[in-house]
file input14.txt (compact mmCIF, C-alpha atoms and all ligand atoms)
# COMPACT_ATOMS: atom_id res chain seq x y z
CA MET A 1031 117.48 25.73 -36.27
CA ASP A 1032 119.98 27.85 -38.16
CA SER A 1033 122.45 28.97 -35.54
CA THR A 1034 122.50 32.46 -37.00
CA MET A 1035 118.78 32.88 -36.47
CA LYS A 1036 117.82 34.41 -33.15
CA GLN A 1037 115.87 32.02 -30.94
CA ASP A 1038 112.17 31.97 -31.87
CA ALA A 1039 112.72 34.39 -34.77
CA ILE A 1040 110.56 33.44 -37.74
CA ARG A 1041 112.50 31.81 -40.59
CA PRO A 1042 112.17 32.87 -44.27
CA ALA A 1043 110.79 29.41 -45.14
CA GLU A 1044 107.77 30.27 -42.99
CA PHE A 1045 106.93 33.56 -44.76
CA PRO A 1046 103.59 33.91 -46.59
CA SER A 1047 103.81 34.49 -50.36
CA GLY A 1048 104.70 38.07 -51.31
CA VAL A 1049 107.20 38.46 -48.48
CA LYS A 1050 110.97 38.45 -48.97
CA LEU A 1051 113.85 39.06 -46.56
CA SER A 1052 117.04 40.18 -48.28
CA PRO A 1053 119.91 42.66 -47.91
CA GLY A 1054 118.64 46.19 -48.44
CA ASN A 1055 120.54 49.47 -48.49
CA GLY A 1056 123.90 49.21 -46.77
CA GLY A 1057 123.38 45.44 -46.64
CA LEU A 1058 120.88 45.88 -43.79
CA PRO A 1059 118.24 43.12 -43.70
CA LYS A 1060 115.04 44.37 -45.35
CA LEU A 1061 111.62 42.75 -45.49
CA GLN A 1062 109.76 43.46 -48.73
CA ILE A 1063 106.00 43.10 -48.69
CA SER A 1064 103.71 42.70 -51.68
CA CYS A 1065 100.00 41.93 -51.44
CA PRO A 1066 96.95 42.98 -53.49
CA GLN A 1067 96.26 45.92 -51.19
CA ALA A 1068 99.77 47.38 -50.91
CA GLU A 1069 103.52 47.08 -51.17
CA GLY A 1070 105.92 48.03 -48.43
CA GLU A 1071 109.34 47.73 -46.85
CA ILE A 1072 110.60 47.48 -43.29
CA TYR A 1073 114.19 47.10 -42.09
CA LEU A 1074 115.05 44.95 -39.08
CA HIS A 1075 117.40 47.83 -38.18
CA GLY A 1076 115.25 49.89 -35.84
CA ALA A 1077 112.14 47.98 -36.99
CA HIS A 1078 112.23 50.88 -39.43
CA LEU A 1079 109.43 51.21 -41.96
CA THR A 1080 110.69 52.81 -45.16
CA SER A 1081 107.89 52.35 -47.69
CA TRP A 1082 104.11 51.94 -47.87
CA LYS A 1083 102.50 52.09 -51.29
CA PRO A 1084 98.76 51.38 -51.32
CA ALA A 1085 97.65 49.66 -54.54
CA GLY A 1086 97.52 52.18 -57.39
CA ALA A 1087 99.06 54.97 -55.32
CA ARG A 1088 102.45 56.57 -54.82
CA ASP A 1089 104.59 55.86 -51.78
CA VAL A 1090 103.09 57.68 -48.80
CA LEU A 1091 106.36 57.65 -46.86
CA TRP A 1092 109.45 59.72 -47.62
CA VAL A 1093 113.11 58.65 -47.29
CA SER A 1094 116.08 60.92 -47.86
CA GLN A 1095 118.37 60.16 -50.79
CA LYS A 1096 121.20 61.00 -48.39
CA SER A 1097 120.16 58.66 -45.61
CA MET A 1098 122.82 56.64 -43.86
CA TRP A 1099 122.29 52.86 -43.90
CA GLU A 1100 124.56 51.73 -41.09
CA SER A 1101 124.13 49.75 -37.91
CA GLY A 1102 124.22 52.22 -35.04
CA LYS A 1103 122.98 55.12 -37.19
CA PRO A 1104 119.32 56.18 -37.76
CA ILE A 1105 117.72 55.89 -41.18
CA ARG A 1106 116.56 59.34 -42.35
CA GLY A 1107 112.90 59.13 -43.26
CA GLY A 1108 110.21 56.45 -43.11
CA VAL A 1109 109.09 55.83 -39.52
CA PRO A 1110 111.85 56.07 -36.90
CA ILE A 1111 110.72 54.62 -33.56
CA CYS A 1112 111.58 57.05 -30.78
CA PHE A 1113 111.86 55.29 -27.38
CA PRO A 1114 112.42 55.51 -24.40
CA TRP A 1115 112.89 59.27 -24.73
CA PHE A 1116 111.90 61.88 -27.33
CA GLY A 1117 114.46 64.42 -28.52
CA PRO A 1118 117.66 64.83 -26.47
CA LYS A 1119 117.90 62.79 -23.22
CA LYS A 1120 117.24 65.37 -20.53
CA ASP A 1121 119.93 64.14 -18.12
CA ASP A 1122 122.56 62.99 -20.65
CA PRO A 1123 123.44 65.11 -23.70
CA SER A 1124 125.74 62.33 -24.91
CA ALA A 1125 122.82 59.91 -25.29
CA PRO A 1126 121.38 59.31 -28.80
CA ILE A 1127 118.60 61.70 -29.80
CA HIS A 1128 115.15 60.01 -29.70
CA GLY A 1129 116.41 57.04 -27.69
CA PHE A 1130 118.33 53.97 -28.79
CA VAL A 1131 115.82 51.47 -30.23
CA ARG A 1132 115.98 52.93 -33.75
CA LEU A 1133 119.72 52.11 -33.71
CA ARG A 1134 119.32 48.42 -32.86
CA GLU A 1135 118.40 45.37 -34.96
CA TRP A 1136 115.01 44.07 -33.86
CA ARG A 1137 114.00 40.40 -33.92
CA LEU A 1138 111.53 39.34 -36.58
CA ASP A 1139 108.87 37.44 -34.64
CA GLY A 1140 106.18 36.89 -37.22
CA VAL A 1141 104.84 37.59 -40.69
CA THR A 1142 101.19 36.68 -41.18
CA THR A 1143 98.41 37.29 -43.66
CA GLU A 1144 95.19 38.82 -42.40
CA GLN A 1145 92.05 39.48 -44.38
CA ASP A 1146 93.33 42.55 -46.15
CA ALA A 1147 96.92 42.98 -45.07
CA ILE A 1148 100.28 41.38 -44.38
CA VAL A 1149 101.23 41.87 -40.74
CA VAL A 1150 104.83 42.03 -39.54
CA ALA A 1151 105.75 41.67 -35.87
CA LEU A 1152 109.16 42.59 -34.46
CA SER A 1153 110.52 42.93 -30.95
CA LEU A 1154 113.43 44.26 -28.98
CA ASN A 1155 114.19 43.41 -25.37
CA GLY A 1156 116.22 45.54 -22.99
CA ASP A 1157 119.59 44.09 -22.06
CA ASP A 1158 122.82 45.09 -20.31
CA SER A 1159 123.81 47.30 -23.25
CA THR A 1160 120.54 49.23 -23.15
CA LYS A 1161 120.78 49.59 -19.37
CA ARG A 1162 123.83 51.72 -20.02
CA TRP A 1163 121.41 54.38 -21.23
CA TRP A 1164 118.22 53.39 -19.43
CA PRO A 1165 118.29 51.13 -16.32
CA HIS A 1166 115.01 49.27 -16.86
CA ASP A 1167 113.84 45.87 -18.12
CA PHE A 1168 111.45 46.27 -21.04
CA ARG A 1169 110.08 44.48 -24.07
CA ALA A 1170 109.21 46.61 -27.11
CA ARG A 1171 107.03 45.13 -29.85
CA MET A 1172 106.29 46.75 -33.19
CA ARG A 1173 103.37 45.47 -35.26
CA VAL A 1174 102.83 46.82 -38.78
CA ALA A 1175 99.88 45.92 -41.00
CA PHE A 1176 100.57 46.66 -44.67
CA GLY A 1177 97.18 46.89 -46.38
CA SER A 1178 94.84 49.49 -47.84
CA ARG A 1179 95.61 51.24 -44.56
CA LEU A 1180 98.94 51.28 -42.75
CA ILE A 1181 98.51 50.33 -39.10
CA MET A 1182 101.53 50.78 -36.83
CA SER A 1183 101.42 49.76 -33.17
CA LEU A 1184 104.23 50.21 -30.67
CA GLU A 1185 103.70 48.13 -27.54
CA VAL A 1186 105.92 48.56 -24.49
CA GLU A 1187 105.93 46.05 -21.64
CA ASN A 1188 107.53 46.65 -18.26
CA SER A 1189 109.24 43.28 -17.78
CA GLY A 1190 111.03 44.40 -14.64
CA ASP A 1191 109.97 44.70 -11.02
CA ALA A 1192 110.00 48.49 -10.72
CA ALA A 1193 107.76 51.09 -12.33
CA PHE A 1194 109.25 53.31 -15.02
CA SER A 1195 108.16 56.17 -17.28
CA PHE A 1196 109.06 56.66 -20.92
CA GLU A 1197 108.49 58.88 -23.93
CA GLU A 1198 107.74 57.54 -27.41
CA ALA A 1199 106.97 58.61 -30.96
CA LEU A 1200 106.29 57.10 -34.34
CA HIS A 1201 108.27 59.81 -36.12
CA THR A 1202 106.62 59.43 -39.52
CA TYR A 1203 108.02 61.22 -42.60
CA PHE A 1204 105.31 61.71 -45.24
CA GLY A 1205 106.04 62.53 -48.88
CA VAL A 1206 104.36 65.66 -50.23
CA ALA A 1207 104.61 67.53 -53.54
CA ASP A 1208 105.48 70.89 -51.97
CA VAL A 1209 105.38 71.41 -48.21
CA ARG A 1210 104.71 75.13 -48.77
CA GLN A 1211 101.29 74.24 -50.19
CA ILE A 1212 100.04 71.70 -47.64
CA GLU A 1213 97.51 72.37 -44.87
CA ILE A 1214 96.69 70.50 -41.66
CA PRO A 1215 93.32 71.94 -40.58
CA ALA A 1216 92.50 69.72 -37.60
CA LEU A 1217 95.10 71.19 -35.23
CA ASP A 1218 93.36 74.60 -35.26
CA GLY A 1219 92.91 75.85 -31.71
CA HIS A 1220 95.38 73.42 -30.12
CA ASP A 1221 98.06 74.61 -27.75
CA TYR A 1222 101.55 73.68 -28.84
CA ILE A 1223 105.15 73.96 -27.73
CA ASP A 1224 107.21 75.69 -30.39
CA LYS A 1225 110.63 74.01 -30.45
CA ALA A 1226 111.68 76.43 -33.20
CA ASP A 1227 110.98 79.42 -30.90
CA ARG A 1228 112.54 78.81 -27.51
CA LEU A 1229 109.92 76.23 -26.48
CA ALA A 1230 107.30 79.00 -26.31
CA GLU A 1231 103.76 77.76 -25.64
CA LYS A 1232 101.37 79.02 -28.33
CA LYS A 1233 97.88 78.37 -29.72
CA GLN A 1234 97.35 77.22 -33.32
CA GLN A 1235 95.42 79.83 -35.28
CA GLY A 1236 93.72 78.18 -38.24
CA ALA A 1237 95.15 75.32 -40.29
CA VAL A 1238 98.85 74.49 -39.93
CA ARG A 1239 100.78 75.81 -42.92
CA ILE A 1240 104.55 75.58 -43.41
CA SER A 1241 106.46 78.75 -44.29
CA ALA A 1242 109.59 78.39 -42.13
CA GLU A 1243 111.34 75.85 -39.92
CA THR A 1244 108.47 74.17 -38.09
CA ASP A 1245 108.98 72.02 -34.99
CA ARG A 1246 105.85 71.84 -32.83
CA VAL A 1247 104.51 69.50 -30.16
CA TYR A 1248 100.71 69.86 -30.21
CA LEU A 1249 99.24 69.09 -26.81
CA ASN A 1250 96.06 67.10 -26.07
CA ALA A 1251 95.99 66.29 -29.76
CA VAL A 1252 94.06 63.04 -29.86
CA LYS A 1253 91.79 63.56 -32.89
CA PRO A 1254 92.66 62.38 -36.41
CA VAL A 1255 94.56 64.86 -38.56
CA GLU A 1256 94.61 65.17 -42.32
CA ILE A 1257 97.50 66.45 -44.42
CA ARG A 1258 95.98 68.14 -47.45
CA ASP A 1259 98.43 68.06 -50.36
CA PRO A 1260 96.71 69.81 -53.27
CA ALA A 1261 99.75 69.70 -55.56
CA MET A 1262 99.82 65.90 -55.32
CA HIS A 1263 96.02 65.69 -55.29
CA ARG A 1264 96.30 63.62 -52.09
CA ARG A 1265 95.05 63.71 -48.55
CA ILE A 1266 96.83 61.67 -45.87
CA ARG A 1267 94.82 60.92 -42.72
CA VAL A 1268 96.49 59.95 -39.45
CA THR A 1269 94.29 58.44 -36.74
CA LYS A 1270 95.90 57.71 -33.38
CA GLN A 1271 95.17 55.57 -30.34
CA ASN A 1272 96.78 56.20 -26.93
CA SER A 1273 98.80 59.19 -28.15
CA ASN A 1274 98.27 62.57 -26.47
CA GLU A 1275 100.54 64.64 -28.64
CA THR A 1276 101.06 65.20 -32.34
CA VAL A 1277 104.42 66.54 -33.54
CA VAL A 1278 104.71 68.50 -36.80
CA TRP A 1279 108.22 69.03 -38.18
CA ASN A 1280 109.83 70.42 -41.26
CA PRO A 1281 113.49 71.51 -41.06
CA TRP A 1282 113.19 74.17 -43.82
CA VAL A 1283 116.30 75.51 -45.56
CA ALA A 1284 119.00 76.04 -42.94
CA LYS A 1285 118.34 72.91 -40.87
CA ALA A 1286 118.15 70.77 -44.02
CA LYS A 1287 121.54 72.09 -45.12
CA ALA A 1288 122.98 71.39 -41.66
CA MET A 1289 122.02 67.70 -41.69
CA PRO A 1290 124.52 65.48 -43.58
CA ASP A 1291 121.86 62.80 -44.11
CA PHE A 1292 119.32 65.21 -45.57
CA GLY A 1293 119.50 66.70 -49.08
CA ASP A 1294 119.67 70.50 -49.13
CA ASP A 1295 116.42 70.82 -51.10
CA GLU A 1296 114.64 67.73 -49.75
CA TRP A 1297 112.73 69.76 -47.15
CA ILE A 1298 110.30 70.74 -49.92
CA GLY A 1299 109.06 67.16 -50.37
CA MET A 1300 108.40 66.04 -46.81
CA ILE A 1301 106.49 66.70 -43.61
CA CYS A 1302 106.70 64.81 -40.33
CA VAL A 1303 103.42 64.24 -38.50
CA GLU A 1304 104.18 62.09 -35.48
CA ALA A 1305 102.12 60.17 -32.95
CA CYS A 1306 103.85 60.98 -29.68
CA ASN A 1307 103.73 60.75 -25.90
CA ALA A 1308 106.37 63.01 -24.38
CA LEU A 1309 106.86 65.83 -21.86
CA SER A 1310 103.85 65.89 -19.55
CA SER A 1311 102.37 62.95 -21.47
CA SER A 1312 105.20 60.55 -20.65
CA VAL A 1313 103.80 57.06 -20.04
CA GLN A 1314 104.03 55.62 -16.51
CA LEU A 1315 104.21 51.82 -16.54
CA ALA A 1316 103.91 49.54 -13.50
CA PRO A 1317 105.70 46.17 -13.44
CA SER A 1318 104.14 43.72 -15.95
CA ALA A 1319 101.96 46.49 -17.42
CA LEU A 1320 101.69 47.12 -21.16
CA HIS A 1321 101.04 50.28 -23.18
CA THR A 1322 100.28 50.35 -26.90
CA MET A 1323 100.34 53.47 -29.08
CA THR A 1324 98.86 53.10 -32.56
CA ALA A 1325 98.91 55.24 -35.69
CA ILE A 1326 96.63 54.39 -38.61
CA VAL A 1327 97.48 56.00 -41.95
CA GLU A 1328 95.08 56.27 -44.89
CA GLN A 1329 95.40 58.18 -48.13
CA HIS A 1330 92.96 59.22 -50.82
O1 LIG B 1401 110.28 65.42 -34.20
C1 LIG B 1401 110.96 66.60 -34.52
C2 LIG B 1401 112.39 66.50 -34.02
O2 LIG B 1401 112.41 66.31 -32.62
C3 LIG B 1401 113.15 67.76 -34.44
O3 LIG B 1401 113.48 68.55 -33.33
C4 LIG B 1401 114.39 67.21 -35.16
O4 LIG B 1401 115.43 66.99 -34.24
C5 LIG B 1401 113.82 65.90 -35.71
O5 LIG B 1401 113.06 65.39 -34.63
C6 LIG B 1401 114.81 64.95 -36.30
O6 LIG B 1401 115.53 64.31 -35.30
P1 LIG B 1401 116.69 63.31 -35.75
O7 LIG B 1401 117.37 62.90 -34.51
O8 LIG B 1401 116.02 62.14 -36.46
O9 LIG B 1401 117.55 64.11 -36.71
call {"tool": "encode", "arguments": {"input": "input14.txt", "output": "structure tokens", "more": "lines below"}}
Ligand code: TA6
result
Amino acid sequence: MDSTMKQDAIRPAEFPSGVKLSPGNGGLPKLQISCPQAEGEIYLHGAHLTSWKPAGARDVLWVSQKSMWESGKPIRGGVPICFPWFGPKKDDPSAPIHGFVRLREWRLDGVTTEQDAIVVALSLNGDDSTKRWWPHDFRARMRVAFGSRLIMSLEVENSGDAAFSFEEALHTYFGVADVRQIEIPALDGHDYIDKADRLAEKKQQGAVRISAETDRVYLNAVKPVEIRDPAMHRRIRVTKQNSNETVVWNPWVAKAKAMPDFGDDEWIGMICVEACNALSSSVQLAPSALHTMTAIVEQH
């Protein structure tokens, strides 16, 4: 075995046709996927999905032109994996926002062909360096099916001998023509925590529309949601499994300007709709137990 390959990691010679591992932006290893149903890209850095283009369609994901592409820094856009906490770490302001797994290189465990998709499996195990932030033994596995649908599953295993709780999110950035014209009808009536208004708890009146900085954690939000994008003549549907919350985020003008890895005017072309378990929906995991959160994305 090539000494540089991590033990048990799949080797390029074993990839199905249409799959290539090569240096991507910043020289970070990138897996490119091409099959009849879709094309896509995922970086080993953070097991970070950066592109999903169903056959005949435009990319559904959005990535900033100003993103950093550096080990130890998050990619801006695509699907950052937030784990084992969401947002700032409550008891340590010096800890990385949204946890540390999106800053690490994950191991590529498998690339397989299924009936209508190419499936990529990656993993990251806790070690002494992660225990600096979070004193638990865990195995995280990310499984992504690139097909006519995009199926993302984040599995967490408690590989230690003590129970722990964690927060998680698949922090998906979707590309839209003009965020000021989109609607998300299905969250009507849901309670939400407004992170753009002092964490006030509010109730969604009607479809979600974006007309200012929007940063909301919708509670008990388990049903599928659809992003209606009339200017792009597209609807994006997100169906979740084992996720109690849905986060909707757009930084708007001031926040976009304040982020060095986000173009000043890029807020117009994106919306985050995130499968999440956080706050009162943190996941409790007993030793040897597993929890899998899934987000299925379709577009038409
Ligand atoms: O999911 C929304 C959010 O928590 C916002 O509060 C904002 O911080 C966003 O995530 C981006 O976080 P990041 O650390 O990727 O800049």
call {"tool": "atom_distance", "arguments": {"input": "input14.txt", "atom1": "atom CA of Ala1170 of chain A", "atom2": "atom CA of Ile1127 of chain A"}}
result
18.0 Å
call {"tool": "atom_distance", "arguments": {"input": "input14.txt", "atom1": "atom CA of His1128 of chain A", "atom2": "atom CA of His1075 of chain A"}}
result
15.0 Å
call {"tool": "closest_residue", "arguments": {"input": "input14.txt", "among": "A:Ala1237, A:Ile1111, A:Ile1181, A:Val1209", "to": "ligand LIG 1401 (chain B)", "atoms": "all atoms listed in the file"}}
result
A:Ile1111
call {"tool": "residues_around", "arguments": {"input": "input14.txt", "residues": "Pro1317 of chain A", "least_positions_apart": "6", "cutoff": "6 Å", "atoms": "only C-alpha atoms", "output": "PyMOL selection string"}}
result
chain A and resi 1188+1190-1193
call {"tool": "residues_around", "arguments": {"input": "input14.txt", "residues": "Arg1265 of chain A", "least_positions_apart": "6", "cutoff": "9 Å", "atoms": "only C-alpha atoms", "output": "PyMOL selection string"}}
result
chain A and resi 1256-1259+1328-1330
call {"tool": "residues_around", "arguments": {"input": "input14.txt", "residues": "Leu1074 of chain A", "least_positions_apart": "2", "cutoff": "9 Å", "atoms": "all atoms listed in the file", "output": "ChimeraX atom specification"}}
result
/A:1058-1061,1072,1076-1079,1134-1138,1152
call {"tool": "residues_near_ligand", "arguments": {"input": "input14.txt", "ligand": "ligand LIG 1401 (chain B)", "cutoff": "7 Å", "atoms": "only C-alpha atoms and all ligand atoms", "output": "list in words"}}
result
Pro1104, Arg1106, Phe1116, Gly1117, Ile1127, His1128, His1201, Lys1225, Asp1245, Val1277, Val1278 and Trp1279 of chain A
call {"tool": "atom_distance", "arguments": {"input": "input14.txt", "atom1": "atom CA of Arg1210 of chain A", "atom2": "atom CA of Ala1305 of chain A"}}
result
21.9 Å
call {"tool": "residues_near_point", "arguments": {"input": "input14.txt", "point": "(108.7, 31.7, -43.9)", "cutoff": "12 Å", "atoms": "only C-alpha atoms", "output": "ChimeraX atom specification"}}
result
/A:1039-1051,1061,1138-1143,1150
call {"tool": "write_last_selection", "arguments": {"input": "input14.txt", "atoms": "C-alpha atoms", "output": "mmCIF file, keeping the file's coordinate frame"}}
result
data_model
loop_
_atom_site.group_PDB
_atom_site.id
_atom_site.type_symbol
_atom_site.label_atom_id
_atom_site.label_comp_id
_atom_site.auth_asym_id
_atom_site.auth_seq_id
_atom_site.Cartn_x
_atom_site.Cartn_y
_atom_site.Cartn_z
ATOM 1 C CA ALA A 1039 112.720 34.390 -34.770
ATOM 2 C CA ILE A 1040 110.560 33.440 -37.740
ATOM 3 C CA ARG A 1041 112.500 31.810 -40.590
ATOM 4 C CA PRO A 1042 112.170 32.870 -44.270
ATOM 5 C CA ALA A 1043 110.790 29.410 -45.140
ATOM 6 C CA GLU A 1044 107.770 30.270 -42.990
ATOM 7 C CA PHE A 1045 106.930 33.560 -44.760
ATOM 8 C CA PRO A 1046 103.590 33.910 -46.590
ATOM 9 C CA SER A 1047 103.810 34.490 -50.360
ATOM 10 C CA GLY A 1048 104.700 38.070 -51.310
ATOM 11 C CA VAL A 1049 107.200 38.460 -48.480
ATOM 12 C CA LYS A 1050 110.970 38.450 -48.970
ATOM 13 C CA LEU A 1051 113.850 39.060 -46.560
ATOM 14 C CA LEU A 1061 111.620 42.750 -45.490
ATOM 15 C CA LEU A 1138 111.530 39.340 -36.580
ATOM 16 C CA ASP A 1139 108.870 37.440 -34.640
ATOM 17 C CA GLY A 1140 106.180 36.890 -37.220
ATOM 18 C CA VAL A 1141 104.840 37.590 -40.690
ATOM 19 C CA THR A 1142 101.190 36.680 -41.180
ATOM 20 C CA THR A 1143 98.410 37.290 -43.660
ATOM 21 C CA VAL A 1150 104.830 42.030 -39.540
#
call {"tool": "residues_near_point", "arguments": {"input": "input14.txt", "point": "(102.7, 42.8, -16.1)", "cutoff": "8 Å", "atoms": "all atoms listed in the file", "output": "ChimeraX atom specification"}}
result
/A:1187-1189,1316-1320
call {"tool": "residues_around", "arguments": {"input": "input14.txt", "residues": "segment 1175-1179 of chain A", "least_positions_apart": "3", "cutoff": "8 Å", "atoms": "only C-alpha atoms", "output": "JSON, numbers by chain"}}
result
{"A": [1063, 1065, 1067, 1068, 1069, 1070, 1082, 1084, 1085, 1146, 1147, 1148, 1149, 1150, 1182, 1326, 1327, 1328, 1329]}
call {"tool": "closest_residue", "arguments": {"input": "input14.txt", "among": "A:Asn1250, A:Trp1163, A:Pro1114, A:Tyr1203", "to": "Ser1094 of chain A", "atoms": "all atoms listed in the file"}}
result
A:Tyr1203
call {"tool": "closest_residue", "arguments": {"input": "input14.txt", "among": "A:Ser1064, A:Asp1291, A:Pro1215, A:Asp1221", "to": "Trp1099 of chain A", "atoms": "only C-alpha atoms"}}
result
A:Asp1291
call {"tool": "closest_residue", "arguments": {"input": "input14.txt", "among": "A:Asn1280, A:Gln1062, A:Gln1095, A:Ser1312", "to": "Phe1204 of chain A", "atoms": "all atoms listed in the file"}}
result
A:Asn1280
